[in-house]
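Participant: Input entry_29.txt, format and content: compact mmCIF, C-alpha atoms.
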```txt
# COMPACT_ATOMS: atom_id res chain seq x y z
CA MET L 1297 -9.97 17.65 -27.79
CA SER L 1298 -9.36 13.94 -27.12
CA GLN L 1299 -10.35 12.68 -23.68
CA VAL L 1300 -8.52 10.06 -21.61
CA ALA L 1301 -9.93 7.80 -18.86
CA LEU L 1302 -7.99 5.52 -16.53
CA TYR L 1303 -8.91 2.35 -14.66
CA ASN L 1304 -6.31 2.11 -11.89
CA LEU L 1305 -6.06 -1.31 -10.21
CA GLY L 1306 -3.82 -2.69 -7.50
CA CYS L 1307 -1.61 -1.21 -4.82
CA SER L 1308 -0.49 2.32 -3.98
CA LYS L 1309 2.71 1.78 -5.96
CA ASN L 1310 0.68 0.99 -9.05
CA LEU L 1311 -1.54 3.99 -8.32
CA ILE L 1312 1.48 6.26 -8.63
CA ASP L 1313 2.35 4.78 -12.04
CA GLY L 1314 -1.22 5.41 -13.21
CA GLU L 1315 -1.06 9.00 -12.01
CA ARG L 1316 2.19 9.53 -13.91
CA ILE L 1317 0.62 8.10 -17.07
CA LEU L 1318 -2.26 10.56 -16.77
CA TYR L 1319 0.19 13.42 -16.32
CA LEU L 1320 1.90 12.49 -19.59
CA PHE L 1321 -1.42 12.68 -21.41
CA ARG L 1322 -2.42 15.98 -19.83
CA SER L 1323 1.01 17.47 -20.60
CA ALA L 1324 0.48 16.48 -24.23
CA GLY L 1325 -2.79 18.41 -24.43
CA PHE L 1326 -5.30 15.65 -23.74
CA GLU L 1327 -8.31 16.22 -21.48
CA LEU L 1328 -8.82 13.83 -18.57
CA THR L 1329 -12.20 12.37 -17.70
CA ARG L 1330 -13.52 9.94 -15.10
CA ASP L 1331 -16.22 8.70 -17.47
CA PRO L 1332 -14.90 5.93 -19.75
CA GLN L 1333 -18.09 6.14 -21.84
CA ILE L 1334 -17.03 9.49 -23.31
CA ALA L 1335 -13.28 8.82 -23.46
CA ASP L 1336 -11.42 8.55 -26.75
CA ILE L 1337 -8.56 6.72 -25.01
CA ILE L 1338 -9.00 4.22 -22.17
CA ILE L 1339 -6.08 2.99 -20.07
CA VAL L 1340 -6.33 -0.05 -17.82
CA ASN L 1341 -3.44 0.00 -15.34
CA THR L 1342 -3.34 -3.53 -13.97
CA CYS L 1343 -2.11 -5.66 -11.06
CA ALA L 1344 -1.07 -9.32 -11.22
CA PHE L 1345 0.10 -10.07 -7.68
CA ILE L 1346 -2.38 -12.88 -6.97
CA ARG L 1347 -5.07 -14.74 -8.88
CA GLU L 1348 -7.85 -12.41 -7.75
CA ALA L 1349 -5.91 -9.41 -9.07
CA GLN L 1350 -5.37 -11.15 -12.41
CA GLU L 1351 -9.08 -11.91 -12.67
CA GLU L 1352 -9.92 -8.29 -11.87
CA ALA L 1353 -7.50 -7.16 -14.57
CA ILE L 1354 -9.11 -9.44 -17.17
CA ASP L 1355 -12.63 -8.34 -16.19
CA THR L 1356 -11.66 -4.69 -16.42
CA ILE L 1357 -9.98 -5.15 -19.80
CA LEU L 1358 -13.15 -6.85 -21.08
CA GLU L 1359 -15.26 -3.99 -19.73
CA ALA L 1360 -13.02 -1.44 -21.43
CA ALA L 1361 -13.14 -3.49 -24.66
CA SER L 1362 -16.94 -3.35 -24.51
CA GLN L 1363 -16.78 0.42 -24.10
CA LYS L 1364 -14.47 0.60 -27.10
CA LYS L 1365 -17.01 -1.35 -29.12
CA ASN L 1366 -20.06 0.59 -27.98
CA GLY L 1367 -18.74 4.00 -26.92
CA ASN L 1368 -16.41 6.75 -28.09
CA CYS L 1369 -13.18 4.90 -27.35
CA LYS L 1370 -10.78 4.60 -30.27
CA THR L 1371 -7.68 3.42 -28.41
CA LEU L 1372 -7.39 0.90 -25.56
CA ILE L 1373 -4.09 0.70 -23.66
CA VAL L 1374 -3.21 -1.88 -20.99
CA SER L 1375 -0.34 -1.11 -18.63
CA GLY L 1376 1.03 -2.39 -15.32
CA CYS L 1377 1.95 -5.76 -13.85
CA PHE L 1378 -0.59 -7.91 -15.72
CA SER L 1379 0.62 -6.44 -19.01
CA GLN L 1380 4.25 -6.95 -18.03
CA ARG L 1381 3.66 -10.57 -17.02
CA TYR L 1382 1.19 -11.83 -19.61
CA ARG L 1383 1.12 -9.56 -22.66
CA LYS L 1384 2.88 -12.09 -24.91
CA GLN L 1385 0.50 -14.87 -23.87
CA VAL L 1386 -2.79 -12.97 -23.97
CA ALA L 1387 -2.39 -10.29 -26.64
CA GLU L 1388 -4.14 -12.42 -29.28
CA LYS L 1389 -7.07 -13.05 -26.91
CA PHE L 1390 -7.71 -9.32 -26.59
CA PRO L 1391 -7.60 -7.93 -30.15
CA GLU L 1392 -9.36 -4.78 -28.88
CA VAL L 1393 -6.18 -3.77 -27.02
CA ASP L 1394 -4.11 -1.42 -29.16
CA LEU L 1395 -1.04 -1.18 -26.93
CA TRP L 1396 0.41 -3.32 -24.14
CA VAL L 1397 2.99 -1.54 -21.99
CA GLY L 1398 4.92 -2.97 -19.03
CA VAL L 1399 6.13 -1.56 -15.75
CA ASN L 1400 9.42 -0.20 -17.07
CA ASP L 1401 8.79 0.72 -20.71
CA TRP L 1402 5.44 2.54 -20.45
CA GLN L 1403 6.81 6.07 -20.69
CA GLN L 1404 8.96 5.41 -23.75
CA MET L 1405 6.25 3.40 -25.54
CA LEU L 1406 3.62 6.08 -24.91
CA ARG L 1407 5.98 8.79 -26.12
CA ASN L 1408 6.68 6.74 -29.25
CA LEU L 1409 2.94 6.64 -29.94
CA TYR L 1410 2.16 10.22 -28.91
CA LYS L 1411 5.06 12.35 -30.08
CA GLN L 1412 3.81 15.47 -28.30
CA MET L 1413 4.35 13.92 -24.87
CA LYS L 1414 7.18 15.40 -22.83
CA PRO L 1415 9.40 13.20 -20.66
CA SER L 1416 8.66 13.47 -16.92
CA THR L 1417 10.63 12.60 -13.82
CA PHE L 1418 8.02 12.36 -11.10
CA GLU L 1419 5.10 14.64 -11.96
CA ARG L 1420 1.68 13.03 -11.46
CA GLU L 1421 -2.04 13.70 -11.66
CA LEU L 1422 -2.76 13.43 -7.95
CA SER L 1423 -5.88 11.49 -7.00
CA GLY L 1424 -7.56 10.32 -3.82
CA LEU L 1425 -7.13 12.28 -0.60
CA GLN L 1426 -5.35 15.45 -1.65
CA ALA L 1427 -3.73 16.02 1.75
CA THR L 1428 -2.44 12.41 1.89
CA GLN L 1429 -0.24 11.15 -0.91
CA TYR L 1430 2.16 8.29 -1.58
CA LEU L 1431 5.76 8.65 -2.71
CA LYS L 1432 7.48 5.61 -4.24
CA ILE L 1433 11.13 5.45 -3.19
CA ALA L 1434 12.27 2.30 -5.00
CA GLU L 1435 11.33 -0.25 -7.64
CA GLY L 1436 11.48 -4.03 -7.61
CA CYS L 1437 12.46 -6.51 -4.91
CA SER L 1438 15.47 -8.76 -4.30
CA HIS L 1439 14.27 -10.86 -1.37
CA GLY L 1440 13.08 -13.94 -3.25
CA CYS L 1441 10.15 -14.99 -1.05
CA THR L 1442 8.96 -18.28 -2.49
CA PHE L 1443 5.31 -17.18 -2.73
CA CYS L 1444 5.88 -13.84 -4.49
CA VAL L 1445 5.85 -12.96 -8.21
CA ILE L 1446 7.03 -9.36 -7.82
CA PRO L 1447 10.76 -9.90 -8.53
CA GLY L 1448 9.82 -11.67 -11.74
CA ILE L 1449 7.59 -8.79 -12.81
CA ARG L 1450 9.39 -5.70 -11.55
CA GLY L 1451 12.96 -6.95 -11.29
CA ARG L 1452 15.52 -6.55 -8.55
CA PHE L 1453 15.35 -3.81 -5.94
CA VAL L 1454 16.61 -0.44 -7.16
CA SER L 1455 16.50 2.62 -4.90
CA ARG L 1456 15.64 5.96 -6.44
CA GLU L 1457 18.16 8.76 -6.09
CA THR L 1458 17.64 10.68 -2.87
CA ARG L 1459 17.79 14.02 -4.65
CA GLU L 1460 14.94 13.00 -6.94
CA ILE L 1461 12.87 11.79 -3.99
CA ILE L 1462 13.40 15.10 -2.16
CA ASP L 1463 12.38 17.04 -5.29
CA GLU L 1464 9.17 15.02 -5.58
CA ALA L 1465 8.46 15.41 -1.87
CA ARG L 1466 8.82 19.19 -2.13
CA TRP L 1467 6.51 19.21 -5.14
CA LEU L 1468 3.93 17.22 -3.17
CA TYR L 1469 4.18 19.59 -0.21
CA GLN L 1470 3.70 22.59 -2.49
CA SER L 1471 0.60 20.79 -3.82
CA GLY L 1472 -0.94 20.86 -0.33
CA VAL L 1473 0.06 17.43 0.96
CA LYS L 1474 0.18 17.12 4.77
CA GLU L 1475 0.77 13.38 5.15
CA LEU L 1476 3.56 11.87 3.06
CA ILE L 1477 3.52 8.06 2.82
CA LEU L 1478 6.71 6.36 1.63
CA VAL L 1479 6.13 3.13 -0.29
CA ALA L 1480 8.18 0.48 -2.08
CA GLN L 1481 8.15 -3.30 -2.14
CA ASP L 1482 10.36 -2.91 0.94
CA THR L 1483 10.90 0.63 2.20
CA SER L 1484 13.27 -0.53 4.95
CA PHE L 1485 15.73 -1.82 2.31
CA PHE L 1486 15.96 1.63 0.74
CA GLY L 1487 19.50 2.81 0.03
CA ARG L 1488 21.21 -0.46 0.91
CA ASP L 1489 21.95 -0.96 -2.78
CA ARG L 1490 23.54 2.53 -2.84
CA GLY L 1491 25.39 2.61 0.48
CA SER L 1492 22.65 4.58 2.22
CA SER L 1493 19.58 3.79 4.35
CA LEU L 1494 15.94 4.63 5.01
CA THR L 1495 17.04 6.39 8.21
CA SER L 1496 19.26 8.73 6.18
CA LEU L 1497 16.44 9.45 3.73
CA LEU L 1498 14.02 10.24 6.56
CA GLU L 1499 16.55 12.61 8.14
CA GLN L 1500 16.85 14.50 4.85
CA LEU L 1501 13.08 14.64 4.42
CA LEU L 1502 12.77 16.08 7.92
CA ALA L 1503 15.43 18.69 7.20
CA LYS L 1504 14.34 19.67 3.69
CA THR L 1505 10.54 19.48 3.85
CA GLU L 1506 7.82 20.57 6.27
CA PHE L 1507 5.37 17.67 6.22
CA PRO L 1508 3.62 17.40 9.59
CA TRP L 1509 3.31 13.61 9.13
CA ILE L 1510 5.63 11.18 7.37
CA ARG L 1511 4.56 7.53 7.32
CA CYS L 1512 6.49 4.44 6.15
CA MET L 1513 4.70 1.42 4.69
CA TYR L 1514 5.95 -2.08 3.81
CA LEU L 1515 8.90 -2.51 6.17
CA HIS L 1516 10.66 -5.88 5.89
CA PRO L 1517 11.35 -7.16 9.44
CA ARG L 1518 14.96 -7.96 8.61
CA TYR L 1519 15.84 -4.30 8.06
CA VAL L 1520 13.99 -2.56 10.90
CA ASP L 1521 17.10 -1.63 12.87
CA GLN L 1522 17.96 0.31 16.00
CA ASN L 1523 18.88 3.50 14.12
CA LEU L 1524 15.48 3.60 12.43
CA LEU L 1525 13.65 2.94 15.70
CA GLU L 1526 15.54 5.67 17.55
CA LEU L 1527 14.83 8.21 14.80
CA ILE L 1528 11.11 7.43 14.84
CA ALA L 1529 11.06 7.58 18.64
CA ARG L 1530 12.54 11.09 18.81
CA GLU L 1531 10.89 12.68 15.76
CA PRO L 1532 7.18 13.51 16.25
CA ARG L 1533 6.78 14.26 12.53
CA ILE L 1534 7.46 10.60 11.67
CA CYS L 1535 4.40 8.52 12.50
CA SER L 1536 5.14 5.87 15.13
CA TYR L 1537 3.59 3.38 12.77
CA PHE L 1538 5.22 0.12 11.73
CA ASP L 1539 3.74 -1.76 8.78
CA ILE L 1540 5.75 -4.99 8.93
CA PRO L 1541 4.41 -7.97 6.95
CA LEU L 1542 5.69 -10.99 8.89
CA GLN L 1543 3.77 -13.66 6.88
CA HIS L 1544 4.11 -16.35 9.60
CA ILE L 1545 5.80 -17.19 12.90
CA SER L 1546 6.43 -20.94 12.66
CA GLU L 1547 10.07 -21.53 11.76
CA PRO L 1548 9.48 -24.39 9.27
CA ILE L 1549 6.97 -22.26 7.39
CA LEU L 1550 9.23 -19.18 7.44
CA ARG L 1551 12.10 -21.27 6.04
CA SER L 1552 9.82 -22.67 3.34
CA MET L 1553 8.78 -19.11 2.50
CA ASN L 1554 12.46 -18.06 2.38
CA ARG L 1555 11.69 -15.44 5.01
CA THR L 1556 13.99 -13.98 7.64
CA PRO L 1557 14.27 -13.21 10.49
CA LEU L 1558 13.08 -16.46 12.03
CA THR L 1559 10.85 -17.11 15.04
CA LYS L 1560 13.04 -16.01 17.97
CA GLU L 1561 14.27 -12.90 16.20
CA ILE L 1562 10.69 -11.88 15.32
CA TYR L 1563 9.67 -12.11 18.98
CA ASN L 1564 12.72 -10.02 19.86
CA LEU L 1565 11.88 -7.45 17.18
CA ILE L 1566 8.37 -6.89 18.53
CA GLU L 1567 9.79 -6.37 22.04
CA GLN L 1568 12.49 -4.05 20.67
CA ILE L 1569 9.94 -1.88 18.87
CA ARG L 1570 7.69 -1.64 21.95
CA THR L 1571 10.70 -0.74 24.11
CA VAL L 1572 12.32 1.89 21.89
CA VAL L 1573 9.05 3.39 20.58
CA PRO L 1574 6.55 3.08 23.46
CA ASP L 1575 3.71 4.66 21.46
CA ALA L 1576 4.32 2.42 18.44
CA SER L 1577 1.37 1.17 16.44
CA ILE L 1578 2.30 -2.09 14.72
CA ARG L 1579 0.51 -3.50 11.70
CA SER L 1580 1.33 -6.88 10.18
CA SER L 1581 -0.06 -9.40 7.71
CA PHE L 1582 0.05 -13.18 7.53
CA ILE L 1583 -0.51 -15.91 4.95
CA LEU L 1584 -2.62 -18.89 6.06
CA GLY L 1585 -2.69 -22.24 4.34
CA PHE L 1586 0.88 -22.08 3.01
CA PRO L 1587 2.12 -25.49 1.76
CA GLY L 1588 3.14 -27.63 4.71
CA GLU L 1589 1.22 -25.59 7.28
CA THR L 1590 -0.30 -27.90 9.89
CA ASN L 1591 -2.74 -27.17 12.68
CA THR L 1592 0.26 -27.09 15.04
CA HIS L 1593 1.88 -24.34 12.98
CA PHE L 1594 -1.40 -22.42 13.00
CA LYS L 1595 -1.77 -22.73 16.78
CA GLU L 1596 1.78 -21.38 17.09
CA LEU L 1597 0.71 -18.36 15.07
CA LEU L 1598 -2.38 -17.85 17.25
CA SER L 1599 -0.15 -17.85 20.33
CA PHE L 1600 2.12 -15.27 18.72
CA ILE L 1601 -0.85 -13.01 17.93
CA GLU L 1602 -1.79 -13.07 21.61
CA PHE L 1603 1.79 -12.15 22.52
CA ALA L 1604 2.34 -9.40 19.93
CA ARG L 1605 -1.08 -7.74 20.34
CA PHE L 1606 -0.88 -6.06 16.95
CA ASP L 1607 -2.73 -2.80 16.63
CA LYS L 1608 -3.67 -3.67 13.03
CA LEU L 1609 -3.66 -6.98 11.22
CA GLY L 1610 -4.46 -8.46 7.82
CA VAL L 1611 -4.63 -12.16 6.93
CA PHE L 1612 -4.83 -13.81 3.53
CA PRO L 1613 -5.29 -17.38 2.30
CA PHE L 1614 -2.32 -18.66 0.32
CA SER L 1615 -2.54 -18.05 -3.42
CA ALA L 1616 -0.46 -20.46 -5.51
CA GLU L 1617 1.14 -18.42 -8.28
CA GLN L 1618 2.76 -20.00 -11.32
CA GLY L 1619 6.38 -19.01 -11.63
CA THR L 1620 7.01 -19.06 -7.88
CA LYS L 1621 8.81 -21.79 -5.97
CA ALA L 1622 5.85 -22.19 -3.62
CA PHE L 1623 3.64 -23.18 -6.56
CA GLU L 1624 5.30 -26.60 -6.58
CA LEU L 1625 5.34 -27.14 -2.81
CA LYS L 1626 3.25 -29.87 -1.22
CA PRO L 1627 1.20 -30.72 0.75
CA ARG L 1628 -1.11 -27.76 0.30
CA PRO L 1629 -3.92 -27.26 2.84
CA ARG L 1630 -7.37 -27.03 1.32
CA ILE L 1631 -8.55 -23.51 0.55
CA ALA L 1632 -11.49 -24.06 2.91
CA THR L 1633 -8.99 -24.81 5.69
CA ALA L 1634 -7.00 -21.66 4.91
CA ILE L 1635 -10.14 -19.53 4.94
CA LYS L 1636 -11.30 -21.07 8.24
CA ARG L 1637 -7.91 -20.33 9.80
CA CYS L 1638 -8.09 -16.74 8.56
CA GLU L 1639 -11.50 -16.33 10.17
CA GLU L 1640 -10.37 -17.88 13.46
CA LEU L 1641 -7.29 -15.69 13.66
CA MET L 1642 -9.26 -12.53 12.91
CA LEU L 1643 -11.72 -13.37 15.70
CA VAL L 1644 -8.79 -13.28 18.11
CA GLN L 1645 -7.46 -10.08 16.57
CA ARG L 1646 -10.85 -8.39 16.73
CA GLU L 1647 -10.90 -8.75 20.50
CA ILE L 1648 -7.34 -7.45 20.75
CA SER L 1649 -8.18 -4.48 18.54
CA ARG L 1650 -11.25 -3.57 20.59
CA GLU L 1651 -9.27 -3.75 23.84
CA ILE L 1652 -6.53 -1.52 22.44
CA LEU L 1653 -9.00 1.03 21.11
CA GLU L 1654 -11.12 1.07 24.27
CA SER L 1655 -7.97 1.90 26.25
CA LYS L 1656 -7.77 5.16 24.29
CA ILE L 1657 -11.18 6.44 25.45
CA GLY L 1658 -10.75 9.72 27.32
CA SER L 1659 -7.42 10.54 25.66
CA THR L 1660 -6.71 13.31 23.19
CA MET L 1661 -4.93 12.84 19.90
CA GLU L 1662 -4.13 14.57 16.64
CA VAL L 1663 -6.04 13.41 13.59
CA ILE L 1664 -5.98 14.30 9.93
CA ILE L 1665 -9.43 15.06 8.52
CA ASP L 1666 -10.01 12.90 5.44
CA ASP L 1667 -13.52 13.81 4.33
CA ILE L 1668 -17.14 14.40 5.22
CA SER L 1669 -18.61 11.18 6.59
CA GLU L 1670 -20.96 9.18 4.39
CA ASP L 1671 -22.62 7.91 7.58
CA PRO L 1672 -25.17 10.52 8.73
CA SER L 1673 -24.39 9.58 12.34
CA PHE L 1674 -21.00 11.30 12.02
CA ASN L 1675 -19.75 14.61 10.65
CA PHE L 1676 -16.28 13.73 9.42
CA GLU L 1677 -13.95 10.79 8.86
CA ALA L 1678 -10.41 11.20 10.15
CA ARG L 1679 -7.35 9.13 11.01
CA SER L 1680 -4.71 9.20 13.72
CA GLN L 1681 -1.01 8.50 13.22
CA SER L 1682 -1.92 4.89 14.05
CA ASP L 1683 -4.15 4.58 10.96
CA ALA L 1684 -2.97 4.34 7.37
CA PRO L 1685 -5.53 5.16 4.67
CA GLU L 1686 -7.64 2.38 3.16
CA VAL L 1687 -6.19 -0.50 5.21
CA ASP L 1688 -6.82 0.63 8.80
CA GLY L 1689 -9.67 1.98 10.88
CA LYS L 1690 -10.92 5.54 11.20
CA VAL L 1691 -11.54 8.18 13.81
CA LEU L 1692 -15.19 9.18 13.32
CA LEU L 1693 -16.09 12.67 14.51
CA THR L 1694 -19.52 13.02 16.06
CA SER L 1695 -19.61 16.83 15.89
CA GLY L 1696 -17.67 19.88 14.78
CA ASP L 1697 -16.93 21.66 11.54
CA PHE L 1698 -13.60 20.83 9.91
CA THR L 1699 -11.83 21.42 6.63
CA PRO L 1700 -10.68 18.18 4.98
CA GLY L 1701 -6.90 17.99 4.96
CA THR L 1702 -6.36 19.79 8.25
CA ILE L 1703 -4.74 18.22 11.30
CA SER L 1704 -6.73 18.80 14.50
CA SER L 1705 -6.79 17.68 18.12
CA VAL L 1706 -9.80 15.64 19.24
CA LYS L 1707 -10.99 13.79 22.33
CA ILE L 1708 -11.76 10.09 22.07
CA ILE L 1709 -15.23 9.32 23.47
CA GLY L 1710 -15.87 5.78 22.24
CA ALA L 1711 -14.59 2.75 20.32
CA SER L 1712 -15.80 -0.17 18.22
CA ASP L 1713 -13.82 -3.19 17.02
CA TYR L 1714 -11.73 -1.17 14.57
CA ASP L 1715 -12.80 2.50 14.76
CA LEU L 1716 -12.63 5.30 17.31
CA PHE L 1717 -15.30 7.93 17.96
CA ALA L 1718 -14.24 11.45 18.85
CA GLU L 1719 -15.39 15.02 19.37
CA PRO L 1720 -13.48 18.26 18.76
CA LEU L 1721 -11.64 19.73 21.73
CA SER L 1722 -12.54 23.32 20.90
CA GLY L 1723 -16.08 22.73 19.65
CA ARG L 1724 -15.10 23.55 16.08
```
Could you show the structure in this file as structure tokens?

Facilitator:
Amino acid sequence: MSQVALYNLGCSKNLIDGERILYLFRSAGFELTRDPQIADIIIVNTCAFIREAQEEAIDTILEAASQKKNGNCKTLIVSGCFSQRYRKQVAEKFPEVDLWVGVNDWQQMLRNLYKQMKPSTFERELSGLQATQYLKIAEGCSHGCTFCVIPGIRGRFVSRETREIIDEARWLYQSGVKELILVAQDTSFFGRDRGSSLTSLLEQLLAKTEFPWIRCMYLHPRYVDQNLLELIAREPRICSYFDIPLQHISEPILRSMNRTPLTKEIYNLIEQIRTVVPDASIRSSFILGFPGETNTHFKELLSFIEFARFDKLGVFPFSAEQGTKAFELKPRPRIATAIKRCEELMLVQREISREILESKIGSTMEVIIDDISEDPSFNFEARSQSDAPEVDGKVLLTSGDFTPGTISSVKIIGASDYDLFAEPLSGR
């Protein structure tokens, strides 16, 4: 029986596509393996969002090509955003690749090559934390941020049908999922192209499924409205967690990025969230070194960080991507300047994070148990509703015996810059 191995690169949205590709192969009678050395078919599911992702894609394709030359591999397939964006330009440079498939045509092209494959709607080979899974509710993006290549790769924003999303959510729940994470390029825009809304979708998920936790990622600040805030505030099953990439606070930079809302409205939004959802945990991300950014603009951002006191924060140096409007913008701060600004901002955020976490010592909270800890000082790794997987901190349990995937109450006994330390309430 032929064996299939997958290299899955990039974001959670790309992860879902890779899982669906694996499902197609399994449904057609192929055996899945995590060892590319013994695989007959290797798939590299790629990202191309920034230069580092493109370089990782190329390195992984070269590694897979080497395994094709020296191992069992007979067929090498490249899928995902890098394939969608560059396959015409690079196909001749990678003669080892037998098939290049993009982000929209992968299912049909694979079925053309492997006739025994059955069409699928949403079924996937689930990977990662079995009790925590992502559900993609839309494709593409229509916002036109000047630094972003996604609309050019994945097209305009298209919401999935609510009925199909509910069917997939039920399937995930039946598979043992406890924490459902909704993802898209902009989850808050969901349904606006169909006369609906994210609030309406969440209400249906609450009514038609039994997930203890539902988390939303990638909320555009323009579409976080009062209705959504009020729903999150009154529904304990929806995590009071707001992942809102703001990118900057200085109005000239926001305008150059083609981002809204602008400075005053962003300040108002943070206050609105804190007022309507008092237990809100807010995560954001910012780009440093964008063309035209001066030290004055950066100091304005530092002041905003002190005001907003984000629970979680990510910062990234600007990556100039060909095909975007920002690629042509000048003047561009030196990369060393952008990196230095990232480091300075994160020093401020680290202190804020520690203060927020230390304020939780002595409290009790519900956590989802992710796995046994790799650090012998702790028994288990867990997360609270304030922590998304992979990008945020953890709640590290110093004692107790838990089953991964369960949701349990713990007492917080300590904190570091980004993690909490806890013990079980019942001595489990």

Participant: From the list L:Met1661, L:Cys1307, L:Met1297, L:Ala1684, which residue is nearest L:Ile1709 when using all atoms listed in the file?

Facilitator: L:Met1661

Participant: What does the structure give for the distance between atom CA of L:Leu1558 and atom CA of L:Arg1630, in Å to one decimal?

Facilitator: 25.4 Å

Participant: Quick one: residues within 8 Å of stretch 1591-1596 of chain L, all atoms listed in the file, excluding same-chain residues fewer than 2 positions away - as a list in words?

Facilitator: Ile1545, Ser1546, Ile1549, Leu1584, Glu1589, Leu1598, Ser1599, Phe1600 and Arg1637 of chain L

Participant: Grab the atom CA of L:Glu1327 to atom CA of L:Asn1366 distance for me, in Å with one decimal place.

Facilitator: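 Taking atom CA of L:Glu1327 and atom CA of L:Asn1366, their separation equals 20.6 Å.
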
Participant: Which of these residues is nearest to L:Met1413, using only C-alpha atoms: L:Leu1320, L:Lys1389, L:Val1520, L:Gln1429?

Facilitator: L:Leu1320

Participant: For L:Pro1332, which residue among L:Val1644, L:Ala1301, L:Ile1566, L:Ala1349 is the nearest when counting all atoms listed in the file?

Facilitator: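 The shortest atom-to-atom distance to L:Pro1332 comes from L:Ala1301.
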
Participant: Given all atoms listed in the file as the basis, pick out the residue of L:Trp1467, L:Phe1486, L:Phe1507, L:Phe1698 nearest to L:Leu1422.

Facilitator: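 So, comparing all the options, the nearest one is L:Trp1467.
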